[in-house]
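Peer 1: Before anything else, here's the structure in question.
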Amino acid sequence: MNKFDLIVIGAGPGGYVAAIKAAKSGMNVAIVESIRAGGTCLNKGCIPAKAMIHASSLYEEMHREAGRVGLSADNVSFDYGKIVEYKQNTTDELVKGIEGLLEANGITRIDGRGTLEKDGSVTVNGDMKLEADKVLLATGSVPSLIPIPGINLKGVVTSDGVFALSKMPESMVIIGGGVIGVEFATVYANLGARVTIIEALPRILQNMDKEISQNLKMIFKKKGIEIHTGASVKSIEEGGDGLIVNYEEKDKPAQATGALVVCAAGRKPNLEGLFGEGVEIEMDGKFVAVNDKFETSIPGVYAIGDIIKGTQLAHSASAYGICAVDYMNGREPELNLNSIPGCVYTSPEIAQVGITEADAKDAGTDVITGKFIMSANGKSLITHEERGFIKVVAEEGSHRILGAQMMCARATDMIAEFTTAIANDMTVEQLLAGVRPHPTYNEGITEALEDAIGEATHVAPKRRRK
């Protein structure tokens with residue numbers, strides 16, 4: 001049978017979550033995927049990156065911390081091949097789990113490249129034809145390559161190429177200081193590589209709180225990572241035993257060398273082969289245009305994830321997919337899409353949700369802020385992860401939580417507390433009503449909240465700021 005209620009093109013975190021949601025809602029669902037379930041996140045992004053960060057961080061911590069806590073860890077070494085194997089095994093296990101979920105929910109899995117045709121049908125690999133009442137486009141994104149001479153030289157790779165490496169590079173130049181760039185820098189600096197980051201914008205992690213960017217730059221420099229911001233890459237050429245990246249910084253020519261050059265300058269929507277001949281769909285620049293219900297200009301065709309304008313995150317794609325299925329079925333979604341957190345898995349971890357103090361100032365919103373430096377946190381002192389801070393931003397009159405920024409151990413886990421608060425219009429006082437256990441990193445949240453209203457017990461109260 002080739003007739004379905006919903007056909008999903010793409011089995012990444014947006015597509016497979018939407019397919020399962022639809023199936024649980026009683027829809028007859030097919031999902032079309034040309035590679036493996038899990039999309040970029042599981043196969044070439046979130047999961048493999050975090051696996052490598054975990055392995056490299058253990059290695060770095062053994063060198064840095066063992067002696068400080070009275071442990072002997074002589075001749076600690078690593079086997080890069082086994083790190084890659086661990087990364088791949090983790091990915092394979094999760095992909096297998098997703099494929100099992102699709103099967104358990106009665107979703108028809110079709111291998112191949114799905115193409116939306118002019119009559120609203122979907123063809124797979126140009127021959128199999130599928131029909132459905134609704135179609136959801138969820139093909140994700142692919143790495144972007146900057147158009148400069150030498151970008152196609154051997155040894156110049158994207159994030160996809162980094163994950164395919166079988167040999168540890170002794171040095172690398174990373175073009176791009178966004179999330180992808182700083183996470184790769186973390187991995188390979190931990191393993192002892194010489195790392196250089198070249199970023200065109202004024203600071204690394206430009207879309208994060210300014211204090212976070214400044215602190216991370218300082219921490220990276222202590223690790224030996226060389227950082228050049230406000231720098232424009234002009235070309236890449238072969239030279240010596242590796243590659244030479246020519247760039248301009250403060251209008252002066254400069255060079256950086258590395259055995260490997262990683263182009264981490266962003267991602268673009270994966271639209272190759274998605275639209276058949278004669279398909280006319282409205283675009284928003286390079287993205288597929290959608291309305292507030294994720295429906296495209298073609299009735300019954302929806303789009304989510306990295307192919308539409310918005311946050312390029314796995315969990316946002318999943319949230320969009322859930323909401324799109326609700327709209328297809330005439331339901332108002334329960335998810336609040338205004339409180340999607342962003343996370344960076346450096347050391348210390350970084351996370352933020354909602355607005356920053358600078359955002360509030362630009363918008364003319366009067367706010368109070370609270371901040372706690374984690375060097376006064378007991379758990380952080382125990383684990384020698386005392387670097388960083390927790391900051392909260394709340395509306396001045398109501399004390400309603402508007403945003404939070406965290407740079408500390410377990411920040412990517414703890415940010416969910418603020419996400420829930422923003423989604424439910426909770427106030428500082430309401431978040432303070434709960435007792436957080438001791439000793440935990442989470443106690444820092446209490447201190448930041450108390451600082452916002454001048455009741456902190458471990459930091460001096462400060463005046464409210466606008």
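Residue numbering restarts at 1 in every chain; chains get A, B, ... in the order shown in the structure tokens, and ligands count up from 1 in that same order.
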Give me the residues near Gly300 in chain A as a PDB file with C-alpha atoms, in the first residue's frame, where near means some atom within 12 Å (using only C-alpha atoms) and where sequence neighbours in that chain fewer than 2 positions away do not count.
Peer 2:
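To be explicit, this is the file written out as selection_6.pdb:
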ATOM      1  CA  ASP A   5      -1.991   9.894   6.155  1.00  0.00           C
ATOM      2  CA  LEU A   6       1.493  11.393   6.506  1.00  0.00           C
ATOM      3  CA  ILE A   7       4.787  10.986   4.685  1.00  0.00           C
ATOM      4  CA  LEU A 116       8.112  16.118  -3.389  1.00  0.00           C
ATOM      5  CA  ASP A 119       0.921  16.775  -7.711  1.00  0.00           C
ATOM      6  CA  GLY A 120       1.713  16.530  -3.975  1.00  0.00           C
ATOM      7  CA  SER A 121       2.936  12.940  -4.136  1.00  0.00           C
ATOM      8  CA  GLU A 131       0.651   9.419  -1.787  1.00  0.00           C
ATOM      9  CA  ALA A 132      -0.462  11.075   1.439  1.00  0.00           C
ATOM     10  CA  ASP A 133      -2.882  13.620   2.846  1.00  0.00           C
ATOM     11  CA  LYS A 134       0.021  15.438   4.480  1.00  0.00           C
ATOM     12  CA  VAL A 135       3.767  15.654   3.774  1.00  0.00           C
ATOM     13  CA  LEU A 136       6.395  16.812   6.266  1.00  0.00           C
ATOM     14  CA  LEU A 137       9.780  17.991   4.967  1.00  0.00           C
ATOM     15  CA  VAL A 290       6.457  28.392   6.557  1.00  0.00           C
ATOM     16  CA  LYS A 293       1.762  26.397  11.875  1.00  0.00           C
ATOM     17  CA  PHE A 294       4.816  25.141   9.946  1.00  0.00           C
ATOM     18  CA  GLU A 295       2.801  24.825   6.729  1.00  0.00           C
ATOM     19  CA  THR A 296       4.521  25.823   3.481  1.00  0.00           C
ATOM     20  CA  SER A 297       2.946  27.717   0.576  1.00  0.00           C
ATOM     21  CA  ILE A 298       1.778  24.325  -0.732  1.00  0.00           C
ATOM     22  CA  TYR A 302       4.803  21.190   6.157  1.00  0.00           C
ATOM     23  CA  ALA A 303       8.492  21.847   6.927  1.00  0.00           C
ATOM     24  CA  ALA A 324       3.495  20.524  13.272  1.00  0.00           C
ATOM     25  CA  VAL A 325       1.739  17.187  13.869  1.00  0.00           C
ATOM     26  CA  TYR A 327      -1.484  21.527  13.858  1.00  0.00           C
ATOM     27  CA  MET A 328      -2.094  18.877  11.167  1.00  0.00           C
ATOM     28  CA  ASN A 329      -4.636  17.290  13.478  1.00  0.00           C
TER      29      ASN A 329
END
Peer 1: Quick check for you: according to DSSP on this backbone, which residues of range 195-430 of chain A are classed as alpha helix (DSSP H)? Reply as a VMD selection string.
Peer 2: chain A and resid 210 to 222 314 to 328 357 to 363 378 to 383 411 to 423 428 to 430
Peer 1: List the neighbours of range 23-32 of chain A out to 8 Å using only C-alpha atoms; skip same-chain residues closer than 4 positions along the sequence, and give me the result as a list in words.
Peer 2: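 Answer for this query is Phe4, Asp5, Leu6, Ile7, Val8, Ile9, Gly10, Ala11, Gly15, Tyr16, Ala19, Asn105, Gly106, Ile107, Thr108, Arg109, Ile110, Asp111, Gly112, Arg113, Gly114 and Val124 of chain A.
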Peer 1: Counting only C-alpha atoms, which of A:Glu396, A:Glu282, A:Glu429, A:Glu249 gets nearest to Ser232 in chain A?
Peer 2: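 Closest residue, counting only C-alpha atoms: A:Glu249.
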Peer 1: Could you please write out, as an NGL selection string, every residue of range 352-432 of chain A that DSSP assigns to strand (DSSP E or B)?
Peer 2: :A and (352-354 or 367-373 or 389-395 or 400-407 or 427)
Peer 1: Give the answer as one residue: which of A:Met374, A:Leu274, A:Ile204, A:Ala264 has the shortest atom-to-atom distance to Glu33 in chain A, using only C-alpha atoms?
Peer 2: A:Leu274
Peer 1: Using only C-alpha atoms, can you tell me which of A:Ile453, A:Ala358, A:Ile35, A:Ala265 comes closest to Thr139 in chain A?
Peer 2: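 Between A:Ile453, A:Ala358, A:Ile35, A:Ala265, the residue approaching Thr139 in chain A most closely is A:Ile35.
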Peer 1: Determine, using only C-alpha atoms, which residues of range 327-377 of chain A have any atom at most 12 Å from an atom of range 430-450 of chain A, and tabulate each with its shortest atom pair and distance in Å to one decimal place, rows ordered by chain and then rising number, as a Markdown table.
Peer 2:
| residue | atom | partner | partner_atom | distance |
| --- | --- | --- | --- | --- |
| A:Ile368 | CA | A:Leu449 | CA | 10.1 |
| A:Thr369 | CA | A:Ala448 | CA | 8.3 |
| A:Gly370 | CA | A:Ala448 | CA | 4.8 |
| A:Lys371 | CA | A:Ala448 | CA | 4.5 |
| A:Phe372 | CA | A:Ala448 | CA | 4.8 |
| A:Ile373 | CA | A:Gly444 | CA | 8.0 |
| A:Met374 | CA | A:Gly444 | CA | 6.7 |
| A:Ser375 | CA | A:Gly444 | CA | 9.9 |
| A:Ala376 | CA | A:Gly444 | CA | 8.6 |
| A:Asn377 | CA | A:Gly444 | CA | 6.6 |
Peer 1: Please produce a file of those selected residues containing C-alpha atoms, as a compact mmCIF listing (two decimals), in the first residue's frame.
Peer 2:
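Printed below is out-v7.txt as written:
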# COMPACT_ATOMS: atom_id res chain seq x y z
CA ILE A 368 16.78 42.83 37.52
CA THR A 369 19.68 40.41 37.30
CA GLY A 370 21.24 37.96 39.69
CA LYS A 371 24.62 36.31 39.39
CA PHE A 372 26.52 33.66 41.30
CA ILE A 373 30.20 32.89 40.78
CA MET A 374 30.63 29.11 40.97
CA SER A 375 33.95 29.33 42.80
CA ALA A 376 31.81 29.62 45.97
CA ASN A 377 29.87 26.44 45.17
Peer 1: Please identify all polymer residues within 12 Å of Lys210 in chain A, counting only C-alpha atoms, omitting same-chain residues fewer than 6 positions from it, and present them as a VMD selection string.
Peer 2: chain A and resid 202 to 204 216 to 217 352 356 to 359 405 to 407
Peer 1: Just all heavy atoms for this one: save the residues we selected as a tab-separated table (two decimals), in the first residue's frame.
Peer 2:
chain	number	residue	atom	x	y	z
A	202	PRO	N	33.31	39.51	15.70
A	202	PRO	CA	34.15	40.12	16.74
A	202	PRO	C	34.53	39.19	17.89
A	202	PRO	O	35.51	39.44	18.58
A	202	PRO	CB	33.29	41.29	17.25
A	202	PRO	CG	32.38	41.62	16.11
A	202	PRO	CD	32.09	40.31	15.44
A	203	ARG	N	33.75	38.14	18.13
A	203	ARG	CA	34.08	37.22	19.21
A	203	ARG	C	33.59	35.82	18.91
A	203	ARG	O	32.71	35.63	18.07
A	203	ARG	CB	33.50	37.71	20.55
A	203	ARG	CG	32.02	38.01	20.53
A	203	ARG	CD	31.61	38.70	21.83
A	203	ARG	NE	30.24	39.17	21.81
A	203	ARG	CZ	29.18	38.46	22.20
A	203	ARG	NH1	29.37	37.22	22.66
A	203	ARG	NH2	27.97	38.96	22.17
A	204	ILE	N	34.18	34.84	19.56
A	204	ILE	CA	33.69	33.47	19.43
A	204	ILE	C	32.34	33.37	20.13
A	204	ILE	O	32.05	34.16	21.03
A	204	ILE	CB	34.69	32.43	19.99
A	204	ILE	CG1	35.00	32.71	21.46
A	204	ILE	CG2	35.97	32.41	19.15
A	204	ILE	CD1	35.88	31.66	22.13
A	216	LEU	N	35.25	32.14	27.82
A	216	LEU	CA	35.70	30.97	27.06
A	216	LEU	C	36.99	31.28	26.31
A	216	LEU	O	37.89	30.43	26.23
A	216	LEU	CB	34.61	30.51	26.08
A	216	LEU	CG	34.95	29.22	25.33
A	216	LEU	CD1	35.10	28.05	26.29
A	216	LEU	CD2	33.90	28.91	24.28
A	217	LYS	N	37.09	32.47	25.77
A	217	LYS	CA	38.32	32.85	25.07
A	217	LYS	C	39.52	32.79	26.02
A	217	LYS	O	40.59	32.27	25.67
A	217	LYS	CB	38.19	34.25	24.47
A	217	LYS	CG	39.39	34.68	23.64
A	217	LYS	CD	39.15	36.03	22.97
A	217	LYS	CE	40.33	36.43	22.10
A	217	LYS	NZ	40.10	37.73	21.41
A	352	GLN	N	22.24	28.61	27.67
A	352	GLN	CA	21.43	29.80	27.91
A	352	GLN	C	20.05	29.61	27.30
A	352	GLN	O	19.85	28.81	26.39
A	352	GLN	CB	22.09	31.06	27.35
A	352	GLN	CG	22.16	31.19	25.85
A	352	GLN	CD	22.77	32.54	25.44
A	352	GLN	OE1	23.68	33.06	26.09
A	352	GLN	NE2	22.25	33.11	24.36
A	356	THR	N	19.14	37.81	27.18
A	356	THR	CA	20.26	38.25	28.01
A	356	THR	C	19.97	39.66	28.53
A	356	THR	O	19.01	40.32	28.10
A	356	THR	CB	21.57	38.28	27.21
A	356	THR	OG1	21.45	39.27	26.17
A	356	THR	CG2	21.86	36.93	26.58
A	357	GLU	N	20.81	40.13	29.43
A	357	GLU	CA	20.66	41.50	29.93
A	357	GLU	C	20.81	42.50	28.80
A	357	GLU	O	20.10	43.51	28.74
A	357	GLU	CB	21.67	41.76	31.04
A	357	GLU	CG	21.50	43.08	31.76
A	357	GLU	CD	22.47	43.26	32.90
A	357	GLU	OE1	23.36	42.40	33.09
A	357	GLU	OE2	22.34	44.28	33.61
A	358	ALA	N	21.73	42.23	27.87
A	358	ALA	CA	21.93	43.11	26.73
A	358	ALA	C	20.69	43.14	25.83
A	358	ALA	O	20.31	44.19	25.31
A	358	ALA	CB	23.15	42.66	25.93
A	359	ASP	N	20.06	41.95	25.63
A	359	ASP	CA	18.83	41.89	24.84
A	359	ASP	C	17.75	42.77	25.47
A	359	ASP	O	17.03	43.49	24.77
A	359	ASP	CB	18.30	40.45	24.75
A	359	ASP	CG	19.21	39.53	23.98
A	359	ASP	OD1	19.93	40.02	23.08
A	359	ASP	OD2	19.21	38.32	24.27
A	405	GLN	N	21.69	32.55	31.81
A	405	GLN	CA	22.94	32.18	31.14
A	405	GLN	C	23.81	31.44	32.17
A	405	GLN	O	23.95	31.91	33.30
A	405	GLN	CB	23.68	33.41	30.61
A	405	GLN	CG	22.91	34.21	29.57
A	405	GLN	CD	21.85	35.13	30.17
A	405	GLN	OE1	22.12	35.84	31.13
A	405	GLN	NE2	20.66	35.13	29.62
A	406	MET	N	24.38	30.32	31.74
A	406	MET	CA	25.16	29.49	32.66
A	406	MET	C	26.46	29.07	32.00
A	406	MET	O	26.48	28.69	30.84
A	406	MET	CB	24.35	28.25	33.07
A	406	MET	CG	22.95	28.55	33.54
A	406	MET	SD	21.96	27.07	33.83
A	406	MET	CE	22.62	26.56	35.40
A	407	MET	N	27.53	29.15	32.76
A	407	MET	CA	28.82	28.66	32.30
A	407	MET	C	29.45	27.95	33.49
A	407	MET	O	30.09	28.57	34.34
A	407	MET	CB	29.71	29.81	31.82
A	407	MET	CG	31.01	29.36	31.18
A	407	MET	SD	31.95	30.76	30.52
A	407	MET	CE	33.20	29.88	29.59
Peer 1: Just want the 9 Å neighbourhood of Ile415 in chain A, counted on only C-alpha atoms, with same-chain residues fewer than 3 positions away dropped. Output as a PyMOL selection string.
Peer 2: chain A and resi 341-343+351-353+404-406+410-412+418-420
Peer 1: Show me, as a list in words, the residues that have an atom within 12 Å of Met62 in chain A when counting only C-alpha atoms, minus same-chain residues fewer than 3 positions from it.
Peer 2: Ala55, Ser56, Ser57, Leu58, Tyr59, Glu65, Ala66, Gly67, Arg68, Val69, Gly70, Leu71, Ser72, Ala73, Asp74, Asn75, Val76, Ser77, Phe78, Asn190 and Leu191 of chain A
Peer 1: Give me the residues within 10 Å of Tyr320 in chain A as a PDB file with all heavy atoms, in the first residue's frame, counting only C-alpha atoms and dropping any in the same chain fewer than 6 places off.
Peer 2:
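Result went into selection.pdb, see below:
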ATOM      1  N   GLY A  14      14.050  15.786  13.946  1.00  0.00           N
ATOM      2  CA  GLY A  14      12.762  16.396  13.643  1.00  0.00           C
ATOM      3  C   GLY A  14      11.810  15.387  13.034  1.00  0.00           C
ATOM      4  O   GLY A  14      10.672  15.212  13.486  1.00  0.00           O
ATOM      5  N   GLY A  15      12.279  14.679  12.021  1.00  0.00           N
ATOM      6  CA  GLY A  15      11.435  13.748  11.284  1.00  0.00           C
ATOM      7  C   GLY A  15      10.983  12.544  12.073  1.00  0.00           C
ATOM      8  O   GLY A  15       9.794  12.205  12.088  1.00  0.00           O
ATOM      9  N   VAL A  17      10.878  12.044  15.361  1.00  0.00           N
ATOM     10  CA  VAL A  17      10.023  12.415  16.489  1.00  0.00           C
ATOM     11  C   VAL A  17       8.617  12.759  15.997  1.00  0.00           C
ATOM     12  O   VAL A  17       7.607  12.353  16.598  1.00  0.00           O
ATOM     13  CB  VAL A  17      10.638  13.582  17.279  1.00  0.00           C
ATOM     14  CG1 VAL A  17       9.641  14.145  18.293  1.00  0.00           C
ATOM     15  CG2 VAL A  17      11.907  13.139  17.994  1.00  0.00           C
ATOM     16  N   ALA A  18       8.529  13.498  14.888  1.00  0.00           N
ATOM     17  CA  ALA A  18       7.222  13.839  14.319  1.00  0.00           C
ATOM     18  C   ALA A  18       6.484  12.586  13.864  1.00  0.00           C
ATOM     19  O   ALA A  18       5.269  12.460  14.064  1.00  0.00           O
ATOM     20  CB  ALA A  18       7.399  14.802  13.144  1.00  0.00           C
ATOM     21  N   LYS A 293       2.138  27.786  11.614  1.00  0.00           N
ATOM     22  CA  LYS A 293       1.762  26.397  11.875  1.00  0.00           C
ATOM     23  C   LYS A 293       2.669  25.416  11.122  1.00  0.00           C
ATOM     24  O   LYS A 293       2.337  24.251  10.957  1.00  0.00           O
ATOM     25  CB  LYS A 293       0.299  26.168  11.506  1.00  0.00           C
ATOM     26  CG  LYS A 293      -0.668  26.959  12.373  1.00  0.00           C
ATOM     27  CD  LYS A 293      -2.119  26.640  12.049  1.00  0.00           C
ATOM     28  CE  LYS A 293      -3.050  27.402  12.991  1.00  0.00           C
ATOM     29  NZ  LYS A 293      -4.482  27.098  12.705  1.00  0.00           N
ATOM     30  N   PHE A 294       3.798  25.925  10.644  1.00  0.00           N
ATOM     31  CA  PHE A 294       4.816  25.141   9.946  1.00  0.00           C
ATOM     32  C   PHE A 294       4.341  24.621   8.583  1.00  0.00           C
ATOM     33  O   PHE A 294       4.958  23.725   8.002  1.00  0.00           O
ATOM     34  CB  PHE A 294       5.312  23.959  10.802  1.00  0.00           C
ATOM     35  CG  PHE A 294       5.973  24.394  12.074  1.00  0.00           C
ATOM     36  CD1 PHE A 294       5.264  24.386  13.276  1.00  0.00           C
ATOM     37  CD2 PHE A 294       7.277  24.854  12.079  1.00  0.00           C
ATOM     38  CE1 PHE A 294       5.858  24.820  14.456  1.00  0.00           C
ATOM     39  CE2 PHE A 294       7.878  25.292  13.246  1.00  0.00           C
ATOM     40  CZ  PHE A 294       7.166  25.273  14.430  1.00  0.00           C
ATOM     41  N   ALA A 303       7.026  21.921   6.861  1.00  0.00           N
ATOM     42  CA  ALA A 303       8.492  21.847   6.927  1.00  0.00           C
ATOM     43  C   ALA A 303       8.954  22.226   8.326  1.00  0.00           C
ATOM     44  O   ALA A 303       8.375  23.117   8.966  1.00  0.00           O
ATOM     45  CB  ALA A 303       9.128  22.771   5.894  1.00  0.00           C
ATOM     46  N   ILE A 304       9.998  21.536   8.804  1.00  0.00           N
ATOM     47  CA  ILE A 304      10.534  21.777  10.151  1.00  0.00           C
ATOM     48  C   ILE A 304      12.057  21.663  10.134  1.00  0.00           C
ATOM     49  O   ILE A 304      12.657  21.231   9.149  1.00  0.00           O
ATOM     50  CB  ILE A 304       9.970  20.769  11.173  1.00  0.00           C
ATOM     51  CG1 ILE A 304      10.321  19.329  10.750  1.00  0.00           C
ATOM     52  CG2 ILE A 304       8.471  20.937  11.353  1.00  0.00           C
ATOM     53  CD1 ILE A 304      10.074  18.281  11.816  1.00  0.00           C
ATOM     54  N   GLY A 305      12.659  22.010  11.261  1.00  0.00           N
ATOM     55  CA  GLY A 305      14.095  21.776  11.447  1.00  0.00           C
ATOM     56  C   GLY A 305      14.973  22.752  10.701  1.00  0.00           C
ATOM     57  O   GLY A 305      14.615  23.915  10.486  1.00  0.00           O
ATOM     58  N   ALA A 314      18.946  20.188  17.387  1.00  0.00           N
ATOM     59  CA  ALA A 314      18.211  18.932  17.311  1.00  0.00           C
ATOM     60  C   ALA A 314      16.917  19.003  18.116  1.00  0.00           C
ATOM     61  O   ALA A 314      15.850  18.570  17.653  1.00  0.00           O
ATOM     62  CB  ALA A 314      19.084  17.783  17.811  1.00  0.00           C
ATOM     63  N   ASP A 326       0.613  18.342  15.694  1.00  0.00           N
ATOM     64  CA  ASP A 326      -0.570  18.845  16.399  1.00  0.00           C
ATOM     65  C   ASP A 326      -1.404  19.728  15.470  1.00  0.00           C
ATOM     66  O   ASP A 326      -2.637  19.585  15.396  1.00  0.00           O
ATOM     67  CB  ASP A 326      -0.153  19.635  17.638  1.00  0.00           C
ATOM     68  CG  ASP A 326       0.145  18.745  18.838  1.00  0.00           C
ATOM     69  OD1 ASP A 326      -0.394  17.624  18.886  1.00  0.00           O
ATOM     70  OD2 ASP A 326       0.918  19.176  19.721  1.00  0.00           O
ATOM     71  N   PRO A 333      -0.717  23.105  20.036  1.00  0.00           N
ATOM     72  CA  PRO A 333       0.411  22.442  20.727  1.00  0.00           C
ATOM     73  C   PRO A 333       0.543  22.908  22.170  1.00  0.00           C
ATOM     74  O   PRO A 333       0.227  24.048  22.505  1.00  0.00           O
ATOM     75  CB  PRO A 333       1.628  22.882  19.897  1.00  0.00           C
ATOM     76  CG  PRO A 333       1.080  23.330  18.585  1.00  0.00           C
ATOM     77  CD  PRO A 333      -0.269  23.885  18.886  1.00  0.00           C
ATOM     78  N   LEU A 335       3.590  22.615  23.648  1.00  0.00           N
ATOM     79  CA  LEU A 335       4.969  23.080  23.774  1.00  0.00           C
ATOM     80  C   LEU A 335       5.065  24.590  23.593  1.00  0.00           C
ATOM     81  O   LEU A 335       4.378  25.180  22.753  1.00  0.00           O
ATOM     82  CB  LEU A 335       5.860  22.396  22.730  1.00  0.00           C
ATOM     83  CG  LEU A 335       6.253  20.945  22.995  1.00  0.00           C
ATOM     84  CD1 LEU A 335       7.018  20.385  21.817  1.00  0.00           C
ATOM     85  CD2 LEU A 335       7.098  20.836  24.256  1.00  0.00           C
ATOM     86  N   LEU A 337       7.432  27.282  22.251  1.00  0.00           N
ATOM     87  CA  LEU A 337       8.623  27.389  21.402  1.00  0.00           C
ATOM     88  C   LEU A 337       9.431  28.655  21.661  1.00  0.00           C
ATOM     89  O   LEU A 337      10.429  28.896  20.986  1.00  0.00           O
ATOM     90  CB  LEU A 337       8.210  27.322  19.925  1.00  0.00           C
ATOM     91  CG  LEU A 337       7.511  26.021  19.499  1.00  0.00           C
ATOM     92  CD1 LEU A 337       7.169  26.063  18.012  1.00  0.00           C
ATOM     93  CD2 LEU A 337       8.376  24.809  19.810  1.00  0.00           C
TER      94      LEU A 337
END
